[in-house]
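Peer 1: coords.csv (CSV, C-alpha atoms) pasted underneath:
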```csv
chain,number,residue,atom,x,y,z
A,15,MET,CA,0.8,0.0,2.9
A,16,ALA,CA,0.1,-0.6,6.6
A,17,LYS,CA,2.9,-0.3,9.2
A,18,ASN,CA,2.4,-2.0,12.5
A,19,ALA,CA,4.3,-2.9,15.6
A,20,ILE,CA,4.2,-6.0,17.9
A,21,ILE,CA,5.3,-5.6,21.5
A,22,MET,CA,6.1,-8.8,23.3
A,23,ALA,CA,4.8,-8.4,26.9
A,24,SER,CA,3.6,-11.8,28.0
A,25,GLY,CA,6.4,-13.2,30.1
A,26,LEU,CA,6.6,-13.9,33.8
A,27,GLY,CA,9.6,-11.7,34.5
A,28,THR,CA,11.0,-14.2,37.0
A,29,ARG,CA,14.5,-12.6,37.2
A,30,MET,CA,12.9,-9.4,38.5
A,31,ARG,CA,11.1,-10.9,41.4
A,32,PRO,CA,9.9,-9.8,43.9
A,33,LEU,CA,9.0,-6.7,41.8
A,34,THR,CA,7.1,-8.8,39.4
A,35,GLU,CA,5.0,-10.8,41.9
A,36,HIS,CA,2.1,-8.5,41.5
A,37,THR,CA,3.1,-6.3,38.5
A,38,PRO,CA,4.1,-7.5,35.0
A,39,LYS,CA,7.7,-6.7,34.2
A,40,PRO,CA,6.9,-4.2,31.3
A,41,LEU,CA,4.8,-2.1,33.7
A,42,ILE,CA,7.6,-1.7,36.3
A,43,LYS,CA,8.4,2.0,36.4
A,44,VAL,CA,11.8,3.5,35.6
A,45,HIS,CA,12.1,7.2,36.5
A,46,GLY,CA,8.3,7.2,37.2
A,47,THR,CA,7.3,5.7,33.8
A,48,PRO,CA,6.4,2.1,33.0
A,49,MET,CA,9.0,0.6,30.7
A,50,ILE,CA,6.5,-0.3,28.0
A,51,GLU,CA,5.3,3.3,27.7
A,52,THR,CA,8.8,4.4,26.7
A,53,VAL,CA,8.5,2.0,23.8
A,54,LEU,CA,5.0,3.1,22.9
A,55,ARG,CA,6.1,6.8,22.9
A,56,ALA,CA,9.0,6.0,20.7
A,57,LEU,CA,6.8,4.1,18.3
A,58,GLN,CA,4.6,7.2,17.9
A,59,THR,CA,7.5,8.9,16.1
A,60,ALA,CA,7.3,6.1,13.4
A,61,ASN,CA,3.6,6.9,12.7
A,62,VAL,CA,2.6,3.2,12.9
A,63,ASP,CA,-1.0,2.4,12.1
A,64,ALA,CA,-1.5,0.0,15.0
A,65,VAL,CA,0.4,-1.4,18.0
A,66,TYR,CA,-0.3,-5.0,19.1
A,67,ILE,CA,0.8,-5.8,22.6
A,68,VAL,CA,1.0,-9.6,23.2
A,69,VAL,CA,0.1,-10.2,26.8
A,70,GLY,CA,-0.1,-13.2,29.2
A,71,TYR,CA,1.0,-12.8,32.8
A,72,LEU,CA,-1.3,-10.5,34.7
A,73,LYS,CA,-2.8,-9.5,31.3
A,74,GLU,CA,-5.6,-7.4,32.7
A,75,GLN,CA,-3.1,-4.8,34.0
A,76,PHE,CA,-2.3,-3.8,30.4
A,77,ALA,CA,-5.9,-2.8,29.5
A,78,TYR,CA,-5.3,0.9,30.3
A,79,LEU,CA,-2.8,1.2,27.5
A,80,THR,CA,-5.6,0.8,24.9
A,81,GLN,CA,-7.2,3.9,26.2
A,82,LYS,CA,-4.1,5.9,26.7
A,83,TYR,CA,-2.5,5.1,23.4
A,84,PRO,CA,-4.7,5.2,20.3
A,85,HIS,CA,-4.7,2.2,17.9
A,86,THR,CA,-3.3,-0.1,20.5
A,87,VAL,CA,-4.7,-3.6,20.6
A,88,LEU,CA,-4.0,-6.5,23.1
A,89,ILE,CA,-3.4,-10.0,21.8
A,90,GLU,CA,-3.5,-12.9,24.3
A,91,ASN,CA,-0.7,-15.5,24.4
A,92,PRO,CA,-2.2,-18.6,26.1
A,93,ASP,CA,1.1,-20.5,26.0
A,94,TYR,CA,3.2,-17.9,27.8
A,95,THR,CA,3.9,-20.3,30.8
A,96,THR,CA,5.0,-23.3,28.7
A,97,VAL,CA,6.6,-21.9,25.5
A,98,ASN,CA,9.4,-19.5,25.0
A,99,ASN,CA,8.9,-16.1,23.3
A,100,ILE,CA,8.3,-17.7,19.9
A,101,SER,CA,4.8,-18.1,21.3
A,102,SER,CA,4.3,-14.3,21.4
A,103,VAL,CA,5.2,-13.9,17.7
A,104,TYR,CA,3.2,-17.0,16.8
A,105,TYR,CA,0.0,-15.5,18.2
A,106,ALA,CA,0.7,-12.2,16.4
A,107,ARG,CA,1.6,-13.8,13.1
A,108,ASP,CA,-1.4,-12.4,11.3
A,109,VAL,CA,-0.1,-8.9,12.1
A,110,LEU,CA,3.1,-9.8,10.3
A,111,ARG,CA,1.1,-10.7,7.3
A,112,SER,CA,-0.6,-7.3,7.2
A,113,GLY,CA,2.2,-5.0,6.3
A,114,ASP,CA,5.6,-3.6,7.4
A,115,CYS,CA,6.2,-4.4,11.1
A,116,TYR,CA,8.3,-3.6,14.1
A,117,ILE,CA,8.9,-6.3,16.7
A,118,CYS,CA,9.8,-4.9,20.1
A,119,GLU,CA,10.6,-6.2,23.5
A,120,ALA,CA,8.5,-4.6,26.3
A,121,ASP,CA,11.2,-4.5,29.0
A,122,LEU,CA,13.1,-1.6,27.4
A,123,VAL,CA,13.8,1.9,28.5
A,124,VAL,CA,14.0,4.0,25.4
A,125,THR,CA,15.6,7.3,26.2
A,126,ARG,CA,15.7,8.7,22.6
A,127,PRO,CA,12.1,9.0,21.6
A,128,ASP,CA,12.9,9.5,17.9
A,129,ILE,CA,14.6,6.1,17.7
A,130,PHE,CA,12.1,5.0,15.0
A,131,ALA,CA,11.8,8.3,13.2
A,132,ALA,CA,14.4,7.6,10.5
A,133,PRO,CA,12.8,5.8,7.4
A,134,LEU,CA,13.9,2.2,6.9
A,135,SER,CA,14.2,0.7,3.4
A,136,CYS,CA,15.1,-2.9,4.4
A,137,SER,CA,14.5,-5.4,7.2
A,138,CYS,CA,16.8,-4.9,10.2
A,139,TYR,CA,17.7,-5.4,13.8
A,140,PHE,CA,18.7,-2.4,15.8
A,141,GLY,CA,22.1,-3.1,17.6
A,142,LYS,CA,24.7,-1.5,19.8
A,143,PHE,CA,28.4,-2.2,19.1
A,144,VAL,CA,30.3,-3.9,21.9
A,145,ALA,CA,34.1,-4.1,21.9
A,146,GLY,CA,35.5,-7.3,23.2
A,147,HIS,CA,33.6,-10.4,24.2
A,148,SER,CA,29.8,-10.5,24.9
A,149,ASP,CA,27.7,-13.4,26.1
A,150,ASP,CA,24.5,-11.6,25.0
A,151,TRP,CA,22.6,-12.0,21.8
A,152,VAL,CA,24.8,-10.7,18.9
A,153,PHE,CA,24.9,-10.4,15.2
A,154,ASP,CA,27.6,-11.6,12.8
A,155,THR,CA,27.7,-9.7,9.4
A,156,ASN,CA,29.4,-10.2,6.1
A,157,ALA,CA,31.3,-7.8,3.9
A,158,ASP,CA,28.1,-6.6,2.4
A,159,GLY,CA,26.6,-5.8,5.8
A,160,LEU,CA,24.1,-8.6,5.8
A,161,ILE,CA,23.5,-10.5,9.0
A,162,THR,CA,24.9,-14.0,8.8
A,163,ARG,CA,24.2,-15.2,12.4
A,164,VAL,CA,21.7,-14.2,15.1
A,165,GLY,CA,22.8,-16.0,18.3
A,166,LYS,CA,24.4,-15.8,21.7
A,167,ALA,CA,28.0,-14.8,22.3
A,168,GLY,CA,30.5,-13.0,20.1
A,169,ASP,CA,33.5,-10.7,19.9
A,170,ASP,CA,33.6,-7.1,18.7
A,171,CYS,CA,30.2,-7.1,17.2
A,172,TYR,CA,26.7,-5.6,17.5
A,173,ASN,CA,24.5,-6.7,20.3
A,174,MET,CA,20.8,-7.0,20.2
A,175,VAL,CA,18.8,-4.3,21.9
A,176,GLY,CA,15.3,-5.7,21.6
A,177,LEU,CA,14.1,-3.9,18.5
A,178,SER,CA,13.7,-5.1,14.9
A,179,TYR,CA,11.9,-4.1,11.7
A,180,PHE,CA,10.6,-6.3,8.8
A,181,THR,CA,9.3,-5.1,5.5
A,182,GLN,CA,5.9,-6.4,4.4
A,183,LYS,CA,7.6,-9.1,2.2
A,184,ASP,CA,10.0,-10.3,4.9
A,185,ALA,CA,7.4,-10.1,7.6
A,186,ALA,CA,5.1,-12.5,5.7
A,187,VAL,CA,8.1,-14.9,5.2
A,188,LEU,CA,8.8,-14.7,9.0
A,189,ALA,CA,5.1,-15.4,9.8
A,190,ASP,CA,5.3,-18.6,7.6
A,191,LYS,CA,8.5,-19.7,9.2
A,192,ILE,CA,7.2,-19.1,12.7
A,193,GLU,CA,4.0,-21.0,11.9
A,194,THR,CA,6.1,-24.0,10.5
A,195,ALA,CA,8.4,-24.0,13.6
A,196,TYR,CA,5.5,-23.9,16.1
A,197,GLY,CA,4.7,-27.4,17.1
A,198,SER,CA,8.0,-28.9,15.8
A,199,ASN,CA,10.3,-30.9,18.0
A,200,GLY,CA,11.6,-28.8,20.8
A,201,TYR,CA,9.8,-25.6,19.8
A,202,GLU,CA,8.9,-24.9,23.4
A,203,LYS,CA,12.4,-23.7,24.0
A,204,LEU,CA,12.8,-21.6,20.9
A,205,PHE,CA,13.3,-17.8,20.9
A,206,TRP,CA,11.7,-16.3,17.8
A,207,ASP,CA,15.1,-15.0,16.9
A,208,ASP,CA,16.2,-18.7,16.6
A,209,VAL,CA,13.7,-19.0,13.7
A,210,VAL,CA,15.2,-15.9,12.1
A,211,ASN,CA,18.7,-17.3,12.4
A,212,ALA,CA,17.6,-20.6,10.8
A,213,ASN,CA,16.2,-18.7,7.8
A,214,LEU,CA,18.6,-15.9,7.0
A,215,ARG,CA,18.8,-16.9,3.4
A,216,ALA,CA,15.2,-16.0,3.0
A,217,LEU,CA,15.4,-13.0,5.3
A,218,PRO,CA,18.0,-10.4,4.2
A,219,LEU,CA,18.7,-8.4,7.4
A,220,ARG,CA,21.0,-5.6,8.3
A,221,VAL,CA,22.0,-3.9,11.5
A,222,VAL,CA,20.9,-0.3,12.3
A,223,PRO,CA,23.4,1.0,14.9
A,224,VAL,CA,22.2,2.8,18.0
A,225,SER,CA,24.0,4.3,20.9
A,226,PRO,CA,24.1,2.2,24.1
A,227,THR,CA,22.4,5.1,25.9
A,228,ASP,CA,19.5,5.2,23.5
A,229,ILE,CA,17.9,1.9,24.7
A,230,THR,CA,18.4,-0.1,27.9
A,231,GLU,CA,17.0,-3.6,28.5
A,232,ILE,CA,16.2,-4.3,32.1
A,233,ASP,CA,16.6,-8.0,33.1
A,234,THR,CA,17.3,-7.9,36.8
A,235,VAL,CA,16.4,-6.1,39.9
A,236,GLU,CA,20.0,-4.9,40.2
A,237,GLU,CA,19.8,-3.4,36.7
A,238,TRP,CA,16.5,-1.7,37.6
A,239,GLU,CA,18.0,-0.2,40.8
A,240,GLU,CA,21.1,1.0,38.9
A,241,ILE,CA,19.2,2.8,36.1
A,242,ASN,CA,16.9,4.5,38.7
A,243,ARG,CA,19.8,5.5,40.8
A,244,ARG,CA,21.6,6.9,37.8
A,245,GLY,CA,18.5,8.9,36.9
A,246,GLU,CA,18.2,10.3,40.4
A,247,GLY,CA,21.8,11.4,40.3
A,248,GLU,CA,21.3,13.2,37.0
A,249,ARG,CA,18.3,15.0,38.4
A,250,LYS,CA,20.3,16.2,41.5
A,251,CYS,CA,23.0,17.6,39.3
A,252,LYS,CA,20.6,19.8,37.4
```
Would you mind writing the structure in this file as structure tokens?
Peer 2:
Amino acid sequence: MAKNAIIMASGLGTRMRPLTEHTPKPLIKVHGTPMIETVLRALQTANVDAVYIVVGYLKEQFAYLTQKYPHTVLIENPDYTTVNNISSVYYARDVLRSGDCYICEADLVVTRPDIFAAPLSCSCYFGKFVAGHSDDWVFDTNADGLITRVGKAGDDCYNMVGLSYFTQKDAAVLADKIETAYGSNGYEKLFWDDVVNANLRALPLRVVPVSPTDITEIDTVEEWEEINRRGEGERKCK
């Protein structure tokens, strides 16, 4: 059975301007390494058959990755300027139909390279537990541990970290649901996770807990400056 990964890397990265005026956000360096390469290195521990990077903004700058990382393929998302990130999964939907599949954000700094090493027996989102209120994307779960909501804002719950995994069966269901949603009324504003949330009865998902220090999503210049400053401080202490 094939095991693949989709990395969504097509966005404009407007919240990280001016850094992203000439460089796509996933290629911005943290501690000297482009963020997307920390994801690619982590995926190597999962022994995936192929990694498909969905590109759009400044797409030509990602070409070197296909040489540096074996079995890496670029998929173009022509709708990246007009449609939310549902478009990236839509253009990679055939990958979902080909086997088990990880779906990953590209603007992550993965500091624990073996994050994907543990075998997974069911479809899941990776999540970090946050005590108190969070306005971020979160998961509600029931007594059986199944996810009952994927959405924004929650209290004392797991927060999304930008990584998920779907078994071959569930990945195929997701591909069909994404295809159906694409072109529907208001689809331009949809996150692909909105489609998951609308179809949780057909997609049994659990949360795989990770430490907050294992994965960091960088959304703003301030967050980028902070993580680089923190890394510099750690190097000086050694």
Peer 1: Considering only C-alpha atoms, return as a list in words whatever protein or nucleic-acid residues lie within 9 Å of Val175 in chain A, sequence-local ones (same chain, fewer than 4 positions apart) excluded.
Peer 2: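 Returned residues: Glu119, Leu122, Tyr139, Phe140, Gly141, Lys142, Trp151, Val224, Pro226, Ile229, Thr230 and Glu231 of chain A.
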Peer 1: Contacts of Glu51 in chain A at 10 Å or less, counting all atoms listed in the file, minus same-chain residues fewer than 5 places along, as a list in words?
Peer 2: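 The neighbour list is Pro40, Leu41, Lys43, Ala56, Leu57, Leu79, Lys82, Tyr83, Ala120, Asp121, Leu122, Val123 and Val124 of chain A.
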Peer 1: Export, as a compact mmCIF listing (two decimals), keeping the file's coordinate frame, the selected residues with C-alpha atoms.
Peer 2:
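Below is the file that was written, result_33.txt:
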```
# COMPACT_ATOMS: atom_id res chain seq x y z
CA PRO A 40 6.90 -4.20 31.30
CA LEU A 41 4.80 -2.10 33.70
CA LYS A 43 8.40 2.00 36.40
CA ALA A 56 9.00 6.00 20.70
CA LEU A 57 6.80 4.10 18.30
CA LEU A 79 -2.80 1.20 27.50
CA LYS A 82 -4.10 5.90 26.70
CA TYR A 83 -2.50 5.10 23.40
CA ALA A 120 8.50 -4.60 26.30
CA ASP A 121 11.20 -4.50 29.00
CA LEU A 122 13.10 -1.60 27.40
CA VAL A 123 13.80 1.90 28.50
CA VAL A 124 14.00 4.00 25.40
```
Peer 1: Near His85 in chain A, counting only C-alpha atoms, which residues have an atom at most 8 Å away, once you skip same-chain residues fewer than 2 positions from it, shown as a PDB file with C-alpha atoms, keeping the file's coordinate frame?
Peer 2:
```pdb
ATOM      1  CA  ASP A  63      -1.000   2.400  12.100  1.00  0.00           C
ATOM      2  CA  ALA A  64      -1.500   0.000  15.000  1.00  0.00           C
ATOM      3  CA  VAL A  65       0.400  -1.400  18.000  1.00  0.00           C
ATOM      4  CA  THR A  80      -5.600   0.800  24.900  1.00  0.00           C
ATOM      5  CA  TYR A  83      -2.500   5.100  23.400  1.00  0.00           C
ATOM      6  CA  VAL A  87      -4.700  -3.600  20.600  1.00  0.00           C
TER       7      VAL A  87
END
```
Peer 1: Mind pulling up the distance from CA of Tyr179 in chain A to CA of Asn18 in chain A?
Peer 2: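 Atom-to-atom, CA of Asn18 in chain A to CA of Tyr179 in chain A, that is 9.8 Å.
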Peer 1: My list of candidates is A:Ser198, A:Thr95, A:Thr47, A:Asn173. Which is closest to Thr28 in chain A when distances are computed with only C-alpha atoms?
Peer 2: A:Thr95
Peer 1: Pick out the closest residue to Thr125 in chain A from this set: A:Met22, A:Val222, A:Val53, A:Ile100. Count all atoms listed in the file.
Peer 2: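 Among the listed residues, the smallest separation from Thr125 in chain A belongs to A:Val53.
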Peer 1: I'd like the neighbourhood of Asp190 in chain A as a list in words, where a residue qualifies if any of its atoms comes within 12 Å (using only C-alpha atoms), though same-chain residues fewer than 6 positions away should be ignored.
Peer 2: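 In the requested form, the answer reads Val103, Tyr104, Ala106, Arg107, Asp108, Val109, Leu110, Arg111, Lys183, Asp184, Tyr196, Val209, Val210, Asn213, Ala216 and Leu217 of chain A.
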Peer 1: What is the CA of Ala77 in chain A-CA of Arg126 in chain A distance in Å, reported with one decimal?
Peer 2: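 CA of Arg126 in chain A lies 25.4 Å from CA of Ala77 in chain A.
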